[in-house]
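This is upload-v4.txt. It holds compact mmCIF, C-alpha atoms.
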# COMPACT_ATOMS: atom_id res chain seq x y z
CA MET C 1 0.00 0.00 0.00
CA ALA C 2 1.22 3.50 -0.77
CA SER C 3 0.98 4.61 2.87
CA ASP C 4 3.15 1.69 4.08
CA ASP C 5 5.70 2.31 1.37
CA LEU C 6 5.84 5.97 2.26
CA ALA C 7 6.34 5.29 5.96
CA THR C 8 9.10 2.75 5.40
CA SER C 9 10.86 4.51 2.52
CA THR C 10 11.21 7.74 4.47
CA GLY C 11 12.27 6.07 7.71
CA THR C 12 9.22 7.38 9.56
CA ARG C 13 8.67 6.55 13.23
CA PRO C 14 5.36 4.73 13.83
CA ASN C 15 4.10 7.36 16.30
CA ASP C 16 5.13 10.26 14.08
CA PRO C 17 2.05 12.53 13.66
CA LEU C 18 3.21 13.52 10.16
CA ALA C 19 3.38 9.84 9.13
CA ALA C 20 -0.09 9.22 10.56
CA TYR C 21 -1.42 12.24 8.66
CA LEU C 22 0.20 11.13 5.39
CA SER C 23 -1.00 7.53 5.84
CA ASP C 24 -4.53 8.82 6.33
CA LEU C 25 -4.16 10.98 3.23
CA ALA C 26 -2.65 8.14 1.16
CA VAL C 27 -5.72 5.93 1.49
CA GLN C 28 -7.97 8.78 0.31
CA LEU C 29 -6.02 9.71 -2.83
CA PRO C 30 -7.34 8.17 -6.09
CA GLY C 31 -5.40 7.67 -9.34
CA PRO C 32 -2.09 6.25 -10.54
CA ARG C 33 0.17 5.05 -7.73
CA HIS C 34 3.38 6.77 -8.86
CA ARG C 35 1.55 10.11 -8.99
CA ARG C 36 0.10 9.59 -5.52
CA ASP C 37 3.53 8.68 -4.16
CA ALA C 38 5.05 11.80 -5.74
CA ILE C 39 2.35 13.98 -4.15
CA LEU C 40 2.83 12.34 -0.74
CA THR C 41 6.62 12.74 -0.91
CA GLU C 42 6.21 16.40 -1.85
CA LEU C 43 3.71 17.03 0.96
CA ARG C 44 5.95 15.25 3.46
CA ASP C 45 8.79 17.62 2.59
CA GLY C 46 6.45 20.60 2.97
CA LEU C 47 5.13 19.35 6.31
CA GLU C 48 8.61 18.71 7.67
CA GLN C 49 9.75 22.16 6.53
CA ALA C 50 6.67 23.76 8.13
CA THR C 51 7.40 21.84 11.37
CA GLN C 52 11.05 22.91 11.37
CA ASP C 53 10.08 26.55 10.79
CA ARG C 54 7.81 26.42 13.86
CA ILE C 55 10.43 24.67 15.99
CA ALA C 56 12.80 27.49 15.03
CA THR C 57 10.33 30.00 16.49
CA GLY C 58 10.42 28.16 19.85
CA LEU C 59 7.48 25.72 19.64
CA PRO C 60 8.03 22.21 21.05
CA PRO C 61 8.27 19.55 18.28
CA SER C 62 4.87 17.96 18.98
CA GLN C 63 3.08 21.34 18.89
CA ALA C 64 5.08 22.36 15.81
CA ALA C 65 3.99 19.19 13.98
CA ALA C 66 0.35 19.71 15.02
CA ALA C 67 0.46 23.35 13.81
CA ALA C 68 1.99 22.27 10.47
CA ILE C 69 -0.73 19.64 9.99
CA ASN C 70 -3.36 22.20 10.87
CA GLN C 71 -1.95 24.58 8.25
CA PHE C 72 -2.02 21.91 5.54
CA GLY C 73 -5.68 21.02 6.24
CA SER C 74 -7.52 17.78 6.96
CA PRO C 75 -6.52 14.69 4.93
CA HIS C 76 -10.01 14.65 3.44
CA ALA C 77 -9.78 18.29 2.28
CA VAL C 78 -6.28 17.79 0.82
CA ALA C 79 -7.31 14.54 -0.93
CA ASP C 80 -10.31 16.39 -2.32
CA ALA C 81 -8.06 19.14 -3.70
CA PHE C 82 -5.82 16.62 -5.50
CA ALA C 83 -8.70 14.46 -6.81
CA GLY C 84 -9.10 16.40 -10.08
CA GLU C 85 -5.42 16.28 -10.95
CA LEU C 86 -5.14 12.57 -10.15
CA THR C 87 -8.29 11.77 -12.12
CA THR C 88 -6.86 13.59 -15.14
CA ALA C 89 -3.56 11.70 -14.68
CA TYR C 90 -5.48 8.40 -14.70
CA ALA C 91 -7.37 9.40 -17.87
CA ARG C 92 -4.15 10.49 -19.64
CA ARG C 93 -2.36 7.26 -18.72
CA THR C 94 -5.28 5.07 -19.86
CA ILE C 95 -5.63 6.97 -23.15
CA ALA C 96 -1.87 6.64 -23.74
CA TRP C 97 -2.24 2.88 -23.17
CA PHE C 98 -4.98 2.66 -25.83
CA ILE C 99 -2.83 4.66 -28.26
CA ALA C 100 0.05 2.24 -27.64
CA THR C 101 -2.13 -0.85 -28.19
CA GLY C 102 -3.44 0.51 -31.52
CA PRO C 103 -0.41 -0.51 -33.62
CA LEU C 104 0.17 -3.66 -31.52
CA VAL C 105 -3.30 -4.99 -32.37
CA GLY C 106 -3.67 -3.35 -35.78
CA ILE C 107 -0.46 -4.77 -37.27
CA TRP C 108 -1.79 -8.36 -37.10
CA TRP C 109 -5.01 -7.40 -38.87
CA LEU C 110 -3.05 -5.51 -41.54
CA LEU C 111 -0.79 -8.51 -42.10
CA LEU C 112 -3.85 -10.77 -42.29
CA LEU C 113 -5.95 -8.60 -44.61
CA HIS C 114 -2.95 -6.99 -46.43
CA PRO C 115 -4.96 -4.17 -48.08
CA SER C 116 -3.18 -2.27 -50.81
CA PRO C 117 -4.57 1.27 -50.83
CA TRP C 118 -1.86 2.53 -53.21
CA ARG C 119 -3.24 0.12 -55.81
CA THR C 120 -6.95 0.05 -55.06
CA GLY C 121 -7.65 3.45 -53.49
CA LEU C 122 -9.21 4.67 -50.26
CA ILE C 123 -12.70 3.25 -50.88
CA ALA C 124 -11.29 -0.24 -51.32
CA LEU C 125 -9.24 0.20 -48.15
CA VAL C 126 -12.35 1.16 -46.14
CA ALA C 127 -14.19 -1.79 -47.71
CA ALA C 128 -11.39 -4.13 -46.60
CA ILE C 129 -11.13 -2.56 -43.12
CA PRO C 130 -14.56 -1.01 -42.39
CA VAL C 131 -13.53 0.14 -38.92
CA ILE C 132 -11.22 2.86 -40.30
CA PRO C 133 -13.69 5.71 -39.54
CA LEU C 134 -13.93 4.41 -35.94
CA ILE C 135 -10.15 4.26 -35.68
CA ILE C 136 -9.96 7.88 -36.88
CA ALA C 137 -12.62 8.91 -34.32
CA ALA C 138 -10.71 7.14 -31.50
CA ILE C 139 -7.39 8.76 -32.51
CA ALA C 140 -9.03 12.21 -32.75
CA THR C 141 -10.66 11.85 -29.30
CA ALA C 142 -7.41 10.59 -27.76
CA SER C 143 -5.26 13.32 -29.32
CA GLY C 144 -7.72 16.06 -28.41
CA THR C 145 -7.94 14.93 -24.78
CA LEU C 146 -4.18 14.50 -24.37
CA ALA C 147 -3.58 17.91 -25.93
CA THR C 148 -6.13 19.79 -23.84
CA THR C 149 -5.01 18.21 -20.58
CA GLY C 150 -1.32 18.84 -21.41
CA ARG C 151 0.83 21.49 -23.08
CA LEU C 152 -1.85 22.79 -25.43
CA MET C 153 -4.11 23.89 -22.56
CA ARG C 154 -2.11 27.14 -22.66
CA TRP C 155 -3.98 27.99 -25.85
CA LEU C 156 -6.99 25.65 -25.97
CA PRO C 157 -9.79 25.32 -23.40
CA GLU C 158 -8.67 22.87 -20.70
CA THR C 159 -10.49 19.54 -20.51
CA GLY C 160 -11.70 18.97 -16.95
CA PRO C 161 -11.42 15.64 -15.10
CA ARG C 162 -15.01 14.60 -15.81
CA ARG C 163 -14.69 15.20 -19.55
CA ALA C 164 -11.32 13.44 -19.58
CA LEU C 165 -13.01 10.38 -18.04
CA SER C 166 -15.85 10.59 -20.59
CA ALA C 167 -13.28 10.67 -23.39
CA THR C 168 -11.53 7.63 -21.90
CA ILE C 169 -14.83 5.70 -21.84
CA THR C 170 -15.54 6.74 -25.45
CA ILE C 171 -12.11 5.55 -26.63
CA ALA C 172 -12.46 2.22 -24.76
CA MET C 173 -15.91 1.65 -26.28
CA LEU C 174 -14.69 2.54 -29.78
CA CYS C 175 -11.82 0.04 -29.38
CA MET C 176 -14.30 -2.58 -28.22
CA ILE C 177 -16.53 -2.00 -31.28
CA ILE C 178 -13.48 -2.04 -33.59
CA ASP C 179 -12.21 -5.34 -32.17
CA LEU C 180 -15.65 -6.99 -32.17
CA THR C 181 -16.25 -5.88 -35.76
CA MET C 182 -12.92 -7.26 -36.94
CA ILE C 183 -13.42 -10.62 -35.19
CA THR C 184 -17.01 -10.92 -36.48
CA MET C 185 -15.93 -9.98 -40.00
CA ILE C 186 -13.22 -12.65 -40.14
CA MET C 187 -15.50 -15.27 -38.60
CA VAL C 188 -18.32 -14.75 -41.12
CA SER C 189 -15.92 -14.56 -44.08
CA GLY C 190 -15.42 -18.31 -43.89
CA THR C 191 -11.64 -17.97 -44.19
CA PRO C 192 -9.96 -21.17 -42.99
CA PRO C 193 -8.14 -20.66 -39.66
CA ARG C 194 -4.45 -19.85 -39.90
CA PRO C 195 -1.86 -18.68 -37.35
CA LEU C 196 -2.10 -15.00 -38.28
CA MET C 197 -5.89 -15.03 -37.84
CA ILE C 198 -5.55 -16.63 -34.41
CA ILE C 199 -2.92 -14.06 -33.32
CA ALA C 200 -5.01 -11.11 -34.59
CA SER C 201 -8.19 -12.42 -32.91
CA ALA C 202 -6.35 -13.12 -29.66
CA ALA C 203 -4.90 -9.59 -29.64
CA SER C 204 -8.36 -8.12 -30.20
CA LEU C 205 -9.96 -10.36 -27.56
CA THR C 206 -7.32 -9.31 -25.03
CA ARG C 207 -8.03 -5.67 -25.79
CA ILE C 208 -11.81 -6.25 -25.51
CA VAL C 209 -11.30 -7.59 -21.97
CA CYS C 210 -9.10 -4.58 -21.11
CA SER C 211 -11.67 -2.20 -22.65
CA ILE C 212 -14.53 -3.70 -20.60
CA THR C 213 -12.45 -3.34 -17.42
CA THR C 214 -11.59 0.25 -18.36
CA VAL C 215 -15.22 1.18 -19.07
CA ARG C 216 -16.36 -0.23 -15.71
CA HIS C 217 -13.54 1.33 -13.66
CA THR C 218 -13.66 4.69 -15.44
CA GLY C 219 -17.45 4.76 -15.21
CA LEU C 220 -17.22 4.38 -11.42
CA MET C 221 -14.56 7.10 -11.24
CA ARG C 222 -16.78 9.37 -13.32
CA MET C 223 -19.71 8.88 -10.93
CA VAL C 224 -17.44 9.75 -7.99
CA GLN C 225 -16.20 12.83 -9.88
CA ILE C 226 -19.78 13.97 -10.56
CA ASP C 227 -20.64 13.58 -6.83
CA HIS C 228 -17.49 15.49 -5.98
CA GLU C 229 -18.42 18.36 -8.34
CA VAL C 230 -22.00 18.48 -7.00
CA GLN C 231 -20.74 18.71 -3.40
CA ARG C 232 -18.46 21.66 -4.24
CA MET Q 1 -3.68 42.51 6.89
CA LEU Q 2 -6.68 40.14 6.78
CA PRO Q 3 -6.25 37.00 4.63
CA MET Q 4 -8.12 37.08 1.32
CA ARG Q 5 -10.50 34.31 0.30
CA PRO Q 6 -8.96 31.97 -2.34
CA GLU Q 7 -12.04 32.46 -4.59
CA LEU Q 8 -11.06 36.12 -5.04
CA LEU Q 9 -7.86 35.00 -6.72
CA LYS Q 10 -9.67 33.02 -9.40
CA GLY Q 11 -7.99 33.77 -12.70
CA HIS Q 12 -4.94 35.37 -11.07
CA LEU Q 13 -3.38 32.46 -9.19
CA ASP Q 14 -1.32 31.27 -12.18
CA ALA Q 15 0.23 34.72 -12.61
CA LEU Q 16 0.98 34.96 -8.87
CA LEU Q 17 2.70 31.58 -8.84
CA LEU Q 18 4.74 32.46 -11.94
CA ALA Q 19 5.76 35.76 -10.32
CA VAL Q 20 6.84 34.02 -7.10
CA LEU Q 21 9.01 31.60 -9.10
CA GLU Q 22 10.56 34.33 -11.26
CA PRO Q 23 13.54 35.09 -8.98
CA GLY Q 24 14.57 31.41 -8.83
CA PRO Q 25 13.54 27.81 -8.07
CA GLN Q 26 11.40 27.14 -5.00
CA HIS Q 27 9.70 24.12 -3.48
CA GLY Q 28 5.93 24.00 -2.89
CA TYR Q 29 5.92 25.02 0.75
CA ALA Q 30 8.36 27.87 0.04
CA VAL Q 31 5.95 29.09 -2.66
CA ILE Q 32 3.12 29.17 -0.09
CA GLU Q 33 5.35 31.10 2.32
CA SER Q 34 6.50 33.52 -0.41
CA LEU Q 35 2.88 34.28 -1.33
CA ARG Q 36 2.08 34.99 2.31
CA SER Q 37 5.17 37.06 3.13
CA GLY Q 38 5.10 38.90 -0.22
CA SER Q 39 1.51 40.01 0.40
CA ASP Q 40 1.92 40.91 4.10
CA GLY Q 41 -0.24 37.93 5.03
CA ALA Q 42 -3.12 38.74 2.68
CA LEU Q 43 -2.49 35.72 0.44
CA ASP Q 44 -2.50 32.86 2.94
CA LEU Q 45 -3.46 30.11 0.52
CA PRO Q 46 -4.19 26.52 1.53
CA THR Q 47 -1.99 23.61 0.48
CA GLY Q 48 -4.86 22.19 -1.52
CA THR Q 49 -4.89 25.29 -3.72
CA VAL Q 50 -1.18 25.87 -4.30
CA TYR Q 51 0.22 22.36 -4.95
CA PRO Q 52 -2.43 21.32 -7.56
CA ALA Q 53 -2.01 24.73 -9.25
CA LEU Q 54 1.77 24.19 -9.48
CA HIS Q 55 1.23 20.74 -10.97
CA ARG Q 56 -1.23 22.18 -13.48
CA LEU Q 57 1.28 24.86 -14.54
CA GLU Q 58 3.87 22.12 -15.01
CA ARG Q 59 1.49 20.13 -17.23
CA ALA Q 60 0.96 23.30 -19.27
CA GLY Q 61 4.74 23.63 -19.68
CA LEU Q 62 4.96 27.02 -17.94
CA ILE Q 63 7.07 25.65 -15.09
CA ALA Q 64 9.25 22.56 -14.68
CA SER Q 65 10.38 20.68 -11.60
CA ASP Q 66 13.43 18.78 -10.38
CA TRP Q 67 13.68 16.34 -7.49
CA GLN Q 68 16.55 17.04 -5.13
CA THR Q 69 17.69 15.54 -1.83
CA VAL Q 70 17.94 18.16 0.90
CA GLY Q 71 18.81 17.13 4.47
CA GLY Q 72 17.92 13.52 3.67
CA ARG Q 73 14.48 14.49 2.33
CA ARG Q 74 13.29 14.31 -1.26
CA ARG Q 75 12.27 17.79 -2.38
CA ARG Q 76 10.57 18.93 -5.57
CA ALA Q 77 11.78 22.35 -6.70
CA TYR Q 78 9.93 24.31 -9.39
CA HIS Q 79 11.37 26.81 -11.85
CA LEU Q 80 9.99 28.90 -14.71
CA THR Q 81 10.43 27.66 -18.26
CA GLN Q 82 10.96 29.99 -21.21
CA ALA Q 83 7.21 29.73 -21.95
CA GLY Q 84 6.57 30.61 -18.29
CA HIS Q 85 8.66 33.80 -18.54
CA ILE Q 86 6.71 34.83 -21.66
CA ALA Q 87 3.36 34.01 -20.01
CA LEU Q 88 4.32 36.05 -16.93
CA SER Q 89 5.16 39.10 -19.08
CA GLU Q 90 1.78 38.79 -20.81
CA GLN Q 91 -0.05 38.39 -17.49
CA ARG Q 92 1.73 41.46 -16.09
CA ALA Q 93 0.69 43.59 -19.07
CA LEU Q 94 -2.91 42.37 -18.74
CA TRP Q 95 -2.95 43.05 -15.00
CA ASP Q 96 -1.58 46.60 -15.50
CA GLN Q 97 -4.39 47.32 -17.95
CA PHE Q 98 -7.03 45.69 -15.74
CA SER Q 99 -5.93 47.31 -12.48
CA THR Q 100 -5.64 50.76 -14.07
CA ALA Q 101 -9.18 50.50 -15.40
CA VAL Q 102 -10.66 49.12 -12.15
CA THR Q 103 -8.79 51.62 -9.94
CA ALA Q 104 -10.01 54.49 -12.12
CA LEU Q 105 -13.58 53.36 -11.62
CA LEU Q 106 -13.41 52.40 -7.94
CA LYS Q 107 -11.51 55.33 -6.46
CA ARG Q 108 -13.62 57.76 -4.44
CA ARG Q 109 -14.36 60.93 -6.31
CA THR Q 110 -17.16 63.34 -6.86
CA TRP Q 111 -19.05 62.55 -10.02
CA PRO Q 112 -20.27 65.56 -12.04
CA ALA Q 113 -23.90 66.35 -11.27
CA THR Q 114 -26.33 65.81 -14.11
CA THR Q 115 -28.76 68.57 -14.93

Before we go any further, please render this structure as C-alpha cells.
Amino acid sequence: MASDDLATSTGTRPNDPLAAYLSDLAVQLPGPRHRRDAILTELRDGLEQATQDRIATGLPPSQAAAAAINQFGSPHAVADAFAGELTTAYARRTIAWFIATGPLVGIWWLLLLHPSPWRTGLIALVAAIPVIPLIIAAIATASGTLATTGRLMRWLPETGPRRALSATITIAMLCMIIDLTMITMIMVSGTPPRPLMIIASAASLTRIVCSITTVRHTGLMRMVQIDHEVQR
Amino acid sequence: MLPMRPELLKGHLDALLLAVLEPGPQHGYAVIESLRSGSDGALDLPTGTVYPALHRLERAGLIASDWQTVGGRRRRAYHLTQAGHIALSEQRALWDQFSTAVTALLKRRTWPATT
C-alpha cells in the first residue's frame, strides 16, 4: 500500500504525527500510484519544513507538527483538492495505453488482410477494413484529450477531469466495437483458420477484456467525480 | 492585513505563482510562504490550492520541476520555463491594464452632477 511504502521509505517513526497524517491521506487519494507517491513525498517535505520553521520559532516539536498539519488542512480536504489532478492523470495514462495498443493490435489485422490502398484506393481500403472511420474517431478523441489536458491547454480550453473520463470511456468503447467488428468480420468470411488469424483475434480479444475493465472502472470514477463536483 | 478568500484570486493564481518563481527555483511550501510574506499575510493560501495549481502549470509547460535531496528528504523544486517567462510578461501587461481600469472606476471621487 502507498501509505506503508511511504512510511518505510522515508524512515518514519510509527508514532510520528506527520506519518499518521500522510497515511490517512494516502488511502484517500485516487489515481495512478506513482503520482500519488510523488504527491505524498512532496507534501511530506512541505510538512517537515513547516514543522522545522515552527520549531525554530520556539514551539516544542509535537506542537510544531500539530500546527503544520493544521496549516495543511484535513486529509479529506487535501485529498479532495488533488482528486481532479489525479483523475486527469489516470485518464491520460489510460488513453496513452490505448494509443500504444493501436499498432500492436492493428499490425496483425493488416498482415492478415494486407490491403493495398496505393493500388486500389481509399474506398477499397475502407471496404477491406470497415472500422477505419472508428479508428480515426478514437485517434481524434485521444489526441484532443491528451492535448487539452497537457501542453496545449495554454492555448486551448482545458479539458476537466469529468470530460477526460468521458473521453476515456468513449475511446475504450470505440476500441471494443473495432475489435468486435474485426473478429465478427473474419468469422463470417469463412476464411480457414491460420496462425495470423488466431494471433489477430487473440490480440483483439485481449483488448476487448481490457476495454470492458476500463469502461467499468472509469465509469465508477466518473460517478465519484460527478458527486465530488456536485458537493463543491 | 486580513487574509483574502482563495475564490477572489480566481484567474490570477497562475500569474501569482509564476511571479513568485521568477527570482529562482522554490519548493511547494516555500511558494506558499513567499505568497504569504510577499503580500503581508493577505495571500495565505491553503496547500490544496497551491500544490495542484503548481502541478497544473507544469502540465501546461509554464514551469518545470526537479527532485533534489535536501537534508535527507526528497524535495521537488519548481522553476519557470521559457514559456513561463513569456506568459508572466503577458499576465503582467494584462494586469496593469485591468488594475488601471478598475482603480479608475473604484476610487472615491465626486461625479459631475447631471442637470

Residue nearest chain Q among C:Leu146, C:Ala91, C:Leu165, C:Ala64 (counting all atoms listed in the file):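 For chain Q, the nearest of the candidates is C:Leu146.
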
Using all atoms listed in the file and a distance of at most 12 Å, pull out the residues of chain C that contact chain Q, as an NGL selection string. :C and (6 or 9-12 or 35 or 37-53 or 68-86 or 88-89 or 92 or 146-160)

Counting only C-alpha atoms, which residue out of C:Ile178, C:Leu112, C:Ile107, C:Ala19 sits closest to C:Ala66?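 Closest to C:Ala66, using only C-alpha atoms: C:Ala19.
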
If I take atom CA of C:Ile208 and atom CA of C:Thr94, how far is one from the other in Å, to one decimal?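 Going from atom CA of C:Ile208 over to atom CA of C:Thr94, I get 14.2 Å.
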
Got a sec: who's within 8 Å of stretch 212-227 of chain C, counting all atoms listed in the file, leaving out chain neighbours fewer than 4 positions off, as a PDB file with C-alpha atoms, in the coordinates of the input?
ATOM      1  CA  GLY C  84      -9.100  16.400 -10.080  1.00  0.00           C
ATOM      2  CA  THR C  87      -8.290  11.770 -12.120  1.00  0.00           C
ATOM      3  CA  PRO C 161     -11.420  15.640 -15.100  1.00  0.00           C
ATOM      4  CA  ARG C 162     -15.010  14.600 -15.810  1.00  0.00           C
ATOM      5  CA  LEU C 165     -13.010  10.380 -18.040  1.00  0.00           C
ATOM      6  CA  SER C 166     -15.850  10.590 -20.590  1.00  0.00           C
ATOM      7  CA  THR C 168     -11.530   7.630 -21.900  1.00  0.00           C
ATOM      8  CA  ILE C 169     -14.830   5.700 -21.840  1.00  0.00           C
ATOM      9  CA  ALA C 172     -12.460   2.220 -24.760  1.00  0.00           C
ATOM     10  CA  MET C 173     -15.910   1.650 -26.280  1.00  0.00           C
ATOM     11  CA  MET C 176     -14.300  -2.580 -28.220  1.00  0.00           C
ATOM     12  CA  ILE C 208     -11.810  -6.250 -25.510  1.00  0.00           C
ATOM     13  CA  GLN C 231     -20.740  18.710  -3.400  1.00  0.00           C
TER      14      GLN C 231
END

Per-axis box centre and lengths in Å around stretch 44-59 of chain Q, 8 Å margin per side, axis-aligned, as lines of an AutoDock Vina configuration file:
center_x = -0.5
center_y = 26.5
center_z = -7.1
size_x = 24.8
size_y = 28.7
size_z = 36.2

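The gap separating atom CA of C:Val131 from atom CA of C:Thr181 is 7.3 Å, in Å to one decimal.
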
d(atom CA of C:Ser143, atom CA of C:Tyr90) in Å: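 Between atom CA of C:Ser143 and atom CA of C:Tyr90 the gap is 15.4 Å.
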
Looking at only C-alpha atoms, which of C:Pro193, C:Gly121, C:Gly102, C:Gly58 is the one that sits closest to C:Ala142?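 Of the candidates, the smallest distance to C:Ala142 is held by C:Gly102.
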
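Every protein or nucleic acid residue with an atom no more than 10 Å from C:Leu113, counting only C-alpha atoms and leaving out same-chain residues fewer than 6 positions away, appears here: Ile107, Ala128, Ile129, Ile186, Leu196 and Met197 of chain C.
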
Under the rule that all atoms listed in the file are counted, which of C:Ala140, C:Leu111, C:Leu29, C:Leu18 is the nearest residue to C:Ala67?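 The shortest atom-to-atom distance to C:Ala67 comes from C:Leu18.
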
I'd like the neighbourhood of Q:Ala15 as number ranges by chain, where a residue qualifies if any of its atoms comes within 8 Å (using only C-alpha atoms), though same-chain residues fewer than 6 positions away should be ignored. Q: 88, 91-92
